[in-house]
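J.: Input file: structure-v5.cif. Contents: mmCIF, C-alpha atoms and all ligand atoms.
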```
data_coords
#
loop_
_atom_site.label_atom_id
_atom_site.label_comp_id
_atom_site.auth_asym_id
_atom_site.auth_seq_id
_atom_site.Cartn_x
_atom_site.Cartn_y
_atom_site.Cartn_z
CA MET A 1 8.88 56.97 212.40
CA PRO A 2 5.28 56.69 211.26
CA PHE A 3 3.91 53.34 210.15
CA VAL A 4 3.71 53.10 206.39
CA ILE A 5 0.30 51.45 206.31
CA PRO A 6 -2.58 51.84 208.81
CA VAL A 7 -2.09 49.83 212.02
CA ALA A 8 -4.87 47.35 212.73
CA ALA A 9 -6.62 47.65 216.09
CA PRO A 10 -5.66 44.77 218.42
CA ALA A 11 -8.06 41.86 218.67
CA SER A 12 -9.88 42.01 222.00
CA VAL A 13 -12.45 40.24 224.15
CA PRO A 14 -15.13 42.06 226.16
CA VAL A 15 -14.98 41.70 229.94
CA HIS A 16 -18.12 40.58 231.76
CA GLY A 17 -19.78 42.87 234.28
CA PRO A 18 -20.65 46.51 234.84
CA SER A 19 -17.05 47.71 234.89
CA GLY A 20 -16.68 46.24 231.41
CA GLY A 21 -13.64 47.03 229.33
CA GLN A 22 -11.84 45.07 226.66
CA PHE A 23 -9.09 42.49 227.14
CA PRO A 24 -6.49 42.90 224.36
CA VAL A 25 -5.41 39.61 222.79
CA HIS A 26 -1.70 38.95 222.35
CA ARG A 27 -1.47 35.29 221.28
CA VAL A 28 -3.90 32.39 221.16
CA TYR A 29 -2.41 29.09 222.33
CA CYS A 30 -4.34 25.85 222.07
CA VAL A 31 -3.74 22.54 223.82
CA GLY A 32 -4.14 19.49 221.61
CA ARG A 33 -5.78 16.29 222.78
CA ASN A 34 -6.08 17.15 226.48
CA CYS A 35 -8.91 14.75 227.26
CA ALA A 36 -8.45 10.98 227.31
CA GLN A 37 -11.78 10.19 225.67
CA HIS A 38 -11.29 12.83 222.95
CA ALA A 39 -7.79 11.46 222.27
CA VAL A 40 -9.33 8.01 221.85
CA GLU A 41 -12.00 9.30 219.44
CA MET A 42 -9.19 10.91 217.40
CA GLY A 43 -7.41 7.55 217.18
CA PHE A 44 -4.88 7.78 220.01
CA THR A 45 -4.50 5.93 223.28
CA GLY A 46 -5.15 8.92 225.54
CA ARG A 47 -1.84 8.55 227.33
CA GLU A 48 0.34 10.81 225.18
CA PRO A 49 1.49 14.12 226.68
CA PRO A 50 -0.39 17.15 225.33
CA PHE A 51 1.07 19.44 222.70
CA PHE A 52 0.41 22.99 221.60
CA PHE A 53 -0.54 24.91 218.49
CA LEU A 54 -1.45 28.55 217.88
CA LYS A 55 -4.14 30.55 216.19
CA PRO A 56 -3.60 34.15 215.12
CA ALA A 57 -4.90 36.71 217.63
CA ASP A 58 -7.41 38.03 215.10
CA ALA A 59 -8.99 34.56 214.79
CA VAL A 60 -10.99 35.36 217.93
CA LEU A 61 -14.68 35.98 217.37
CA PRO A 62 -15.91 37.70 220.55
CA VAL A 63 -19.57 37.28 221.44
CA ARG A 64 -21.41 39.08 224.23
CA GLU A 65 -23.40 36.93 226.67
CA GLY A 66 -27.03 36.84 225.65
CA ALA A 67 -26.15 37.68 222.04
CA THR A 68 -25.75 35.22 219.17
CA GLY A 69 -22.52 35.64 217.28
CA GLU A 70 -22.24 34.80 213.61
CA MET A 71 -19.45 32.63 212.29
CA HIS A 72 -19.15 32.36 208.53
CA TYR A 73 -18.81 28.80 207.28
CA PRO A 74 -15.16 28.80 206.20
CA SER A 75 -13.84 28.08 202.73
CA LEU A 76 -12.30 24.82 201.48
CA THR A 77 -13.87 22.50 204.07
CA ARG A 78 -16.80 20.12 204.08
CA ASP A 79 -16.25 19.06 207.68
CA LEU A 80 -16.29 22.01 210.08
CA HIS A 81 -16.06 20.67 213.65
CA HIS A 82 -16.89 22.18 217.04
CA GLU A 83 -14.60 21.78 220.08
CA VAL A 84 -15.88 23.44 223.25
CA GLU A 85 -13.07 24.53 225.58
CA LEU A 86 -12.35 26.48 228.75
CA VAL A 87 -10.20 29.47 227.84
CA VAL A 88 -7.62 30.87 230.26
CA ALA A 89 -6.58 34.53 229.90
CA ILE A 90 -3.08 35.46 231.06
CA GLY A 91 -2.75 38.76 232.93
CA GLN A 92 0.85 38.46 234.07
CA GLY A 93 3.46 37.00 231.74
CA GLY A 94 6.50 34.91 232.49
CA HIS A 95 8.89 32.17 231.43
CA ASP A 96 9.29 28.82 233.20
CA ILE A 97 6.31 29.41 235.48
CA ALA A 98 5.98 26.61 238.03
CA ALA A 99 2.58 24.95 238.28
CA LYS A 100 2.31 25.98 241.94
CA ASP A 101 2.64 29.66 240.94
CA ALA A 102 0.61 29.46 237.74
CA LEU A 103 -2.81 30.65 238.90
CA ALA A 104 -1.33 34.01 239.98
CA HIS A 105 -0.70 34.64 236.26
CA VAL A 106 -4.34 34.06 235.28
CA TRP A 107 -6.48 37.16 234.71
CA GLY A 108 -9.70 35.37 233.94
CA TYR A 109 -11.63 32.70 232.11
CA ALA A 110 -14.04 32.42 229.21
CA VAL A 111 -15.89 29.81 227.19
CA GLY A 112 -14.43 29.24 223.75
CA LEU A 113 -14.83 27.16 220.63
CA ASP A 114 -11.79 25.77 218.83
CA MET A 115 -13.43 25.51 215.40
CA THR A 116 -11.63 23.11 213.12
CA ARG A 117 -11.64 22.30 209.40
CA ARG A 118 -11.29 18.60 210.28
CA ASP A 119 -10.93 17.33 206.72
CA LEU A 120 -8.04 19.71 206.05
CA GLN A 121 -6.44 18.97 209.43
CA GLY A 122 -6.69 15.24 208.70
CA GLU A 123 -5.10 15.63 205.26
CA MET A 124 -2.21 17.65 206.73
CA LYS A 125 -1.69 15.08 209.51
CA LYS A 126 -1.57 12.29 206.92
CA GLN A 127 1.06 14.17 204.96
CA GLY A 128 3.04 15.15 208.08
CA ARG A 129 2.50 18.85 207.31
CA PRO A 130 1.54 21.73 209.65
CA TRP A 131 -2.11 21.94 210.73
CA CYS A 132 -2.48 25.70 210.28
CA ILE A 133 -5.00 25.42 207.47
CA GLY A 134 -7.20 23.20 209.61
CA LYS A 135 -7.04 25.26 212.80
CA ALA A 136 -5.83 28.82 212.32
CA PHE A 137 -8.34 30.49 210.01
CA GLU A 138 -10.49 33.60 210.43
CA GLU A 139 -13.24 33.37 213.07
CA SER A 140 -11.90 29.96 214.16
CA ALA A 141 -11.82 30.98 217.83
CA PRO A 142 -15.27 32.17 218.97
CA ILE A 143 -15.09 33.31 222.61
CA GLY A 144 -17.60 34.54 225.18
CA GLU A 145 -17.13 37.38 227.64
CA LEU A 146 -14.07 37.16 229.84
CA HIS A 147 -14.82 36.68 233.54
CA ARG A 148 -12.33 37.82 236.17
CA ALA A 149 -10.63 34.88 237.90
CA ALA A 150 -11.87 35.94 241.34
CA GLU A 151 -15.46 35.75 240.05
CA CYS A 152 -15.12 32.21 238.68
CA ARG A 153 -15.50 28.99 240.58
CA ILE A 154 -13.63 26.28 238.72
CA ASP A 155 -12.89 22.87 240.15
CA ALA A 156 -12.76 19.26 238.99
CA GLU A 157 -16.57 19.04 238.97
CA THR A 158 -17.12 22.14 236.85
CA GLU A 159 -19.30 21.21 233.88
CA ILE A 160 -18.32 22.03 230.30
CA ARG A 161 -20.95 21.55 227.67
CA LEU A 162 -21.96 22.22 224.08
CA ASP A 163 -25.43 21.96 222.58
CA VAL A 164 -26.13 22.22 218.85
CA ASN A 165 -29.69 23.24 217.99
CA GLY A 166 -30.73 22.34 221.54
CA GLN A 167 -29.18 18.85 221.50
CA THR A 168 -26.22 18.07 223.72
CA ARG A 169 -23.10 17.10 221.76
CA GLN A 170 -20.36 17.53 224.37
CA SER A 171 -20.73 17.27 228.13
CA SER A 172 -17.89 16.70 230.54
CA ARG A 173 -16.09 17.97 233.64
CA ILE A 174 -12.98 20.11 233.88
CA GLY A 175 -11.44 17.41 236.11
CA LYS A 176 -11.27 15.15 233.06
CA LEU A 177 -8.58 17.29 231.45
CA ILE A 178 -5.41 15.16 231.37
CA TRP A 179 -3.29 18.22 232.19
CA SER A 180 -4.65 20.74 234.69
CA ILE A 181 -4.59 24.48 234.07
CA PRO A 182 -1.48 25.03 236.27
CA GLU A 183 0.30 22.16 234.50
CA ILE A 184 -0.61 23.59 231.09
CA ILE A 185 0.84 26.97 232.09
CA GLU A 186 4.00 25.31 233.37
CA HIS A 187 4.50 23.39 230.10
CA LEU A 188 3.55 26.29 227.82
CA SER A 189 5.81 28.77 229.61
CA ALA A 190 8.76 26.39 229.25
CA ALA A 191 8.43 26.66 225.48
CA TRP A 192 7.20 30.26 225.05
CA THR A 193 7.41 33.39 227.16
CA LEU A 194 3.82 34.03 228.19
CA ALA A 195 2.67 37.65 227.98
CA PRO A 196 -0.29 39.63 229.28
CA GLY A 197 -3.07 39.19 226.74
CA ASP A 198 -2.32 35.56 225.89
CA LEU A 199 -5.30 33.23 225.67
CA ILE A 200 -5.03 29.48 226.20
CA TYR A 201 -7.71 27.16 224.80
CA THR A 202 -7.25 24.25 227.17
CA GLY A 203 -8.56 21.33 225.11
CA THR A 204 -11.91 19.76 224.33
CA PRO A 205 -13.77 16.81 225.84
CA GLU A 206 -15.07 13.97 223.66
CA GLY A 207 -18.06 14.42 221.40
CA VAL A 208 -16.62 16.67 218.68
CA GLY A 209 -18.59 16.68 215.46
CA ALA A 210 -19.62 18.56 212.36
CA VAL A 211 -21.83 21.62 212.07
CA VAL A 212 -23.45 23.16 208.99
CA GLN A 213 -24.85 26.54 208.02
CA GLY A 214 -27.87 27.42 210.13
CA ASP A 215 -26.73 25.47 213.20
CA VAL A 216 -26.77 27.29 216.54
CA LEU A 217 -24.01 26.33 218.99
CA SER A 218 -24.58 26.99 222.69
CA ALA A 219 -21.46 26.51 224.80
CA SER A 220 -21.12 26.89 228.55
CA VAL A 221 -18.79 26.32 231.46
CA THR A 222 -20.64 26.40 234.78
CA GLY A 223 -19.53 29.36 236.85
CA VAL A 224 -17.64 30.91 233.93
CA GLY A 225 -20.24 31.88 231.39
CA SER A 226 -21.78 31.01 228.07
CA LEU A 227 -21.36 31.57 224.37
CA GLN A 228 -23.83 31.28 221.52
CA VAL A 229 -22.81 31.21 217.87
CA LYS A 230 -24.78 30.65 214.68
CA ILE A 231 -23.04 29.25 211.59
CA VAL A 232 -23.97 31.45 208.61
MN MN A 301 -9.07 22.00 220.59
#
```
Step by step, read the file and then write its structure as structure tokens.
Ligand code: MN

T.:
Amino acid sequence: MPFVIPVAAPASVPVHGPSGGQFPVHRVYCVGRNCAQHAVEMGFTGREPPFFFLKPADAVLPVREGATGEMHYPSLTRDLHHEVELVVAIGQGGHDIAAKDALAHVWGYAVGLDMTRRDLQGEMKKQGRPWCIGKAFEESAPIGELHRAAECRIDAETEIRLDVNGQTRQSSRIGKLIWSIPEIIEHLSAAWTLAPGDLIYTGTPEGVGAVVQGDVLSASVTGVGSLQVKIV
């Protein structure tokens, strides 16, 4: 049977390198509060287990390396925050994936921004309501080119960093994530069946803060790539 309205093209992320291609996005999972110092700055002790939320697949805003993407300042907020994060792309799905097997399910990595309407998120938290309006809006998930896992060198010392207008706002190491990438995959896949095309934003280090129209955000993870976005 034909579809009764036009089918939207899947959201996708460009793959780095001469072979190129597009990585189709299935779901976008995000890990909340996965860095002790960020948890503390958000008013928590830093010892709670992480939790998950989702953004719609079409919230991704793919940006080629060397280019400057444009993110429109979203409606309703006066406190748009940046959160720089390492993004894991799932190539092989599964349920109840053990941490020791998890990296075999990873297709690649990218640098991402979990952009947040912090005032709306805070209001929803206060009222005990879902965060969607604070986290899951259009263009809320800028992402750089996807790099194949075999081409990335990620270890505890890998630097993750975000500059705004040339000034460093966030600078940390992947080893400071409370839950490692294999542990995140183990926990996530206990709750959801992971599928090829899933992206996981793995959580931000401390130093989150507001941006305004005209600001240029430069995000990088050493050995993984970079991402530049202007707020318009
Ligand atoms: Mn985040």

J.: Check every protein, DNA and RNA residue against ligand MN 301 (chain A), keep those with an atom at most 9 Å away (counting only C-alpha atoms and all ligand atoms), and present them as a PyMOL selection string.

T.: chain A and resi 30-34+82-85+113-116+135+201-205

J.: For range 67-143 of chain A versus range 148-158 of chain A, which residues have an atom no more than 10 Å away, and what is each residue's nearest atom pair and distance in Å rounded to one decimal, using all atoms listed in the file, chain-then-number order, as a tab-separated table?

T.:
```
residue	atom	partner	partner_atom	distance
A:Val88	CA	A:Ala149	CA	9.1
A:Ala89	CA	A:Ala149	CA	9.0
A:Leu103	CA	A:Ala149	CA	8.9
A:Ala104	CA	A:Ala149	CA	9.6
A:Val106	CA	A:Ala149	CA	6.9
A:Trp107	CA	A:Ala149	CA	5.7
A:Gly108	CA	A:Ala149	CA	4.1
A:Tyr109	CA	A:Ala149	CA	6.3
A:Ala110	CA	A:Arg148	CA	9.0
```

J.: Return as AutoDock Vina command-line options the box centre and box size in Å, one decimal, for an axis-aligned box around all listed atoms of range 56-61 of chain A padded by 4 Å per side.

T.:
```
--center_x -9.1 --center_y 36.1 --center_z 216.4 --size_x 19.1 --size_y 11.9 --size_z 11.1
```

J.: Let me make sure I understand: among A:Leu86, A:Ala141, A:Leu194, A:Leu177, which one has the smallest atom-to-atom distance to Gln37 in chain A if we use only C-alpha atoms?

T.: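 Comparing A:Leu86, A:Ala141, A:Leu194, A:Leu177 against Gln37 in chain A, the winner is A:Leu177.
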
J.: Given the choices A:Arg78, A:His26, A:His38, A:His16, which gets closest to Glu65 in chain A if the distance is worked out from all atoms listed in the file?

T.: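 Of A:Arg78, A:His26, A:His38, A:His16, the one nearest Glu65 in chain A is A:His16, counting all atoms listed in the file.
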
J.: Looking at A:Pro14, A:Gly223, A:Pro6, A:Pro182, which one is nearest to Leu61 in chain A, with distances taken over all atoms listed in the file?

T.: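 Of all the options, A:Pro14 lies closest to Leu61 in chain A.
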
J.: Mind pulling up the distance from CA of Asp79 in chain A to CA of Ser218 in chain A?

T.: 18.9 Å

J.: Applying 7 Å and all atoms listed in the file, which residues near Ser189 in chain A remain after dropping the ones on its own chain fewer than 2 positions away? List them as a PDB file with C-alpha atoms, in the frame of the given file.

T.:
```
ATOM      1  CA  GLY A  94       6.500  34.910 232.490  1.00  0.00           C
ATOM      2  CA  HIS A  95       8.890  32.170 231.430  1.00  0.00           C
ATOM      3  CA  ASP A  96       9.290  28.820 233.200  1.00  0.00           C
ATOM      4  CA  ILE A  97       6.310  29.410 235.480  1.00  0.00           C
ATOM      5  CA  ILE A 185       0.840  26.970 232.090  1.00  0.00           C
ATOM      6  CA  GLU A 186       4.000  25.310 233.370  1.00  0.00           C
ATOM      7  CA  HIS A 187       4.500  23.390 230.100  1.00  0.00           C
ATOM      8  CA  ALA A 191       8.430  26.660 225.480  1.00  0.00           C
ATOM      9  CA  TRP A 192       7.200  30.260 225.050  1.00  0.00           C
ATOM     10  CA  THR A 193       7.410  33.390 227.160  1.00  0.00           C
ATOM     11  CA  LEU A 194       3.820  34.030 228.190  1.00  0.00           C
TER      12      LEU A 194
END
```

J.: Check the smallest atom-to-atom distance from each of A:Ile90, A:Ile231, A:Val60, A:Leu120 to Asn165 in chain A using only C-alpha atoms, then report the winner.

T.: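 Smallest separation from Asn165 in chain A among the options: A:Ile231.
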
J.: Nearest residue to Ser19 in chain A out of A:His147, A:Arg118, A:His72, A:Arg64, using all atoms listed in the file?

T.: A:His147

J.: Do you know which residues are at most 10 Å from Thr168 in chain A counting only C-alpha atoms, after dropping those on the same chain fewer than 2 positions away, and could you put them as a list in words?

T.: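 In the requested format, the answer is Arg161, Leu162, Asp163, Val164, Asn165, Gly166, Gln170, Ser171, Gly207, Leu217, Ser218 and Ala219 of chain A.
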
J.: Quick one: pull the distance between CA of Ala136 in chain A and CA of His105 in chain A, Å, one decimal.

T.: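 Going from CA of Ala136 in chain A over to CA of His105 in chain A, I get 25.2 Å.
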
J.: Counting all atoms listed in the file, which of A:Tyr73, A:Lys230, A:Thr68, A:Thr222 gets nearest to Glu138 in chain A?

T.: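 Using all atoms listed in the file, the shortest distance to Glu138 in chain A belongs to A:Tyr73.
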